[in-house]
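J.: Input: one structure, supplied below.
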Amino acid sequence: MKLRVLTVIALSALFAASCGTPLKVVFDPTQVPLPSAPQADSIAAALIVPAPAGTVSHMTEKGPELLCFAMADSGYVRVSTVTPVSGGWEVSSDASFPCFSELGEVPLKFASFTEAPNIRQFGGRDFVVMGTLRTPDGSDSHAPGTAAARDFVFYCLGTGLLEHLSFEGKYLADGRLEGVNDRNLVSDPNSAQMRWAVASFAADETLLELSQADLLTDQAVQWWLQRNPDVFTSASRVTFGALSAESSLVGKFKSAGKEDGNGYRAAMFDYRGYTVIVAQRKSGGDYLLAWAEPVCVNKNRDRLLNNIYFESGSNLVLFYYHGRRTYKYRLNLAHTRLTR
């Protein structure tokens with residue numbers, strides 16, 4: 001693939017031609033000027049389909065080089081190298097790198113650059129650095145509860161290797177993205193570029209680092225919801241989730257008012273957008289997430305889990321208001337049976 005451009009003919013070649021001496025002109029890529037950013041984008045768009053999301057140009061010992069970056073929905077980053085040839089430009093190398101490990105369970109697509117590709121130096125090596133935003137539909141939506149990820153991608157000019165650090169979570173009502181970074185998943189979290197990325201995330205006021213305790217809570221609630229999709233319709237049993245002692249749900253349970261039953265204690269409270277019931281076995285002391293549902297927003301329209309109490313043995317009654325109507329669910333903590 002070539003994009004026709006005018007080449008500069010050496011003065012010696014002009015002189016030889018004027019003397020009538022035939023001379024073969026040898027193309028010298030080092031004489032090709034470095035294209036401007038708009039020119040680099042135009043060259044890349046003409047050679048690569050679909051056009052890359054970002055292009056950065058730099059000068060090497062062999063002449064100018066364009067590095068073009070395309071983000072695939074499959075989580076790969078395609079890096080194409082474009083170099084000058086006689087009469088034009090061509091793609092001299094093309095490679096795809098797996099990238100963007102998903103911390104959550106919602107696939108995320110490239111939405112935009114938060115920082116355009118640029119060259120920086122870390123630890124004595126040159127990297128192309130770019131910041132990206134990924135969302136479920138590839139839009140720049142900041143709606144509360146929407147999953148998203150912010151990323152730093154590093155492409156080493158010396159080794160041709162690509163690495164990244166991601167901060168993934170969900171948007172809060174105030175527009176901040178609450179989540180965690182995947183520093184523990186990268187090959188060298190103590191490298192200069194990774195330390196810079198971690199510090200950049202920490203200094204960004206639009207990001208809110210999630211504590212390990214709340215991360216365990218969010219994971220436990222999502223696990224419970226995924227395994228109990230029919231608790232309000234057809235389910236006759238509930239799958240309980242074991243809770244780590246480090247989960248913030250356990251901390252909330254310890255300070256909450258409790259109901260005392262045969263072999264179990266239970267507490268109901270609202271936390272991080274969900275109404276939950278945490279139970280503790282008296283023998284062994286382990287903690288269970290027995291129930292979880294979104295916090296009631298409209299008491300006149302939506303169901304409201306208003307109270308819990310033990311009826312007999314390990315049978316826990318869940319008392320609901322739904323508008324002017326009341327009803328009860330009964331959850332046997334020993335046998336995980338649910339009756340309506």
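In the structure tokens, each chain is lettered A, B, ... as it comes, each chain's residues begin at 1, and ligands are numbered from 1 in order of appearance.
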Residues within 9 Å of A:His164, please, as number ranges by chain. Count only C-alpha atoms; anything in the same chain fewer than 4 positions from it doesn't count.

T.: A: 99-100, 151-155, 186, 194, 197

J.: Take the residues from that selection and write them out as an mmCIF file, in the first residue's frame, keeping N, CA and C atoms.

T.:
data_model
loop_
_atom_site.group_PDB
_atom_site.id
_atom_site.type_symbol
_atom_site.label_atom_id
_atom_site.label_comp_id
_atom_site.auth_asym_id
_atom_site.auth_seq_id
_atom_site.Cartn_x
_atom_site.Cartn_y
_atom_site.Cartn_z
ATOM 1 N N CYS A 99 -5.383 -6.789 25.316
ATOM 2 C CA CYS A 99 -5.315 -5.667 26.240
ATOM 3 C C CYS A 99 -6.631 -5.559 27.006
ATOM 4 N N PHE A 100 -6.667 -4.687 27.987
ATOM 5 C CA PHE A 100 -7.906 -4.345 28.699
ATOM 6 C C PHE A 100 -8.555 -5.553 29.362
ATOM 7 N N ASP A 151 -8.126 3.866 31.238
ATOM 8 C CA ASP A 151 -6.917 3.078 31.029
ATOM 9 C C ASP A 151 -5.743 3.961 30.636
ATOM 10 N N PHE A 152 -4.535 3.511 30.983
ATOM 11 C CA PHE A 152 -3.312 4.027 30.393
ATOM 12 C C PHE A 152 -2.682 2.879 29.610
ATOM 13 N N VAL A 153 -2.346 3.146 28.346
ATOM 14 C CA VAL A 153 -1.718 2.154 27.478
ATOM 15 C C VAL A 153 -0.303 2.637 27.167
ATOM 16 N N PHE A 154 0.664 1.726 27.275
ATOM 17 C CA PHE A 154 2.071 2.049 27.032
ATOM 18 C C PHE A 154 2.608 1.137 25.927
ATOM 19 N N TYR A 155 3.145 1.741 24.879
ATOM 20 C CA TYR A 155 3.785 0.986 23.799
ATOM 21 C C TYR A 155 5.251 1.371 23.776
ATOM 22 N N VAL A 186 -0.715 -6.766 36.457
ATOM 23 C CA VAL A 186 0.318 -6.429 35.477
ATOM 24 C C VAL A 186 1.613 -7.155 35.821
ATOM 25 N N MET A 194 4.303 2.171 35.346
ATOM 26 C CA MET A 194 3.159 1.743 36.139
ATOM 27 C C MET A 194 3.017 2.585 37.403
ATOM 28 N N ALA A 197 1.350 5.683 36.289
ATOM 29 C CA ALA A 197 -0.080 5.487 36.020
ATOM 30 C C ALA A 197 -0.878 5.408 37.315
#

J.: Could you give me, as a PyMOL selection string, each residue of stretch 17-205 of chain A that DSSP assigns to strand (DSSP E or B) when run on this structure's backbone?

T.: chain A and resi 54-60+63-71+76-85+88-98+109-122+125-135+147-156+162-171+177-181

J.: For the alpha helix (DSSP H) assignment from backbone DSSP, which residues of stretch 66-275 of chain A qualify? Please present them as a PyMOL selection string.

T.: chain A and resi 192-203+212-227+248-255

J.: Have a look at A:Arg265, A:Arg301, A:Arg195, A:Lys109 and name the one nearest to A:Gly285; count only C-alpha atoms.

T.: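 Using only C-alpha atoms, A:Gly285 sits closest to A:Arg265.
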
J.: Using only C-alpha atoms, find the one residue out of A:Ala149, A:Gln31, A:Asn307, A:Thr81 that sits nearest to A:Tyr327.

T.: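 Counting only C-alpha atoms, the residue closest to A:Tyr327 is A:Asn307.
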
J.: As a ChimeraX atom specification, please: the residues near stretch 62-79 of chain A (cut-off 6 Å, only C-alpha atoms, same-chain neighbours under 2 positions excluded).

T.: /A:29-30,34,52-60,81-83,94-100,109

J.: Considering only C-alpha atoms, can you say which of A:Thr114, A:Thr339, A:Ser36, A:Ser187 comes closest to A:Ala235?

T.: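 When distances to A:Ala235 are compared using only C-alpha atoms, the smallest one comes from A:Thr339.
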
J.: Quote the spacing between atom CA of A:Ile43 and atom CA of A:Thr159 in Å to one decimal place.

T.: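 Pair atom CA of A:Ile43 / atom CA of A:Thr159 returns 24.4 Å.
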
J.: Give me the residues within 8 Å of A:Phe113 as a PyMOL selection string, counting only C-alpha atoms and dropping any in the same chain fewer than 6 places off.

T.: chain A and resi 130-133
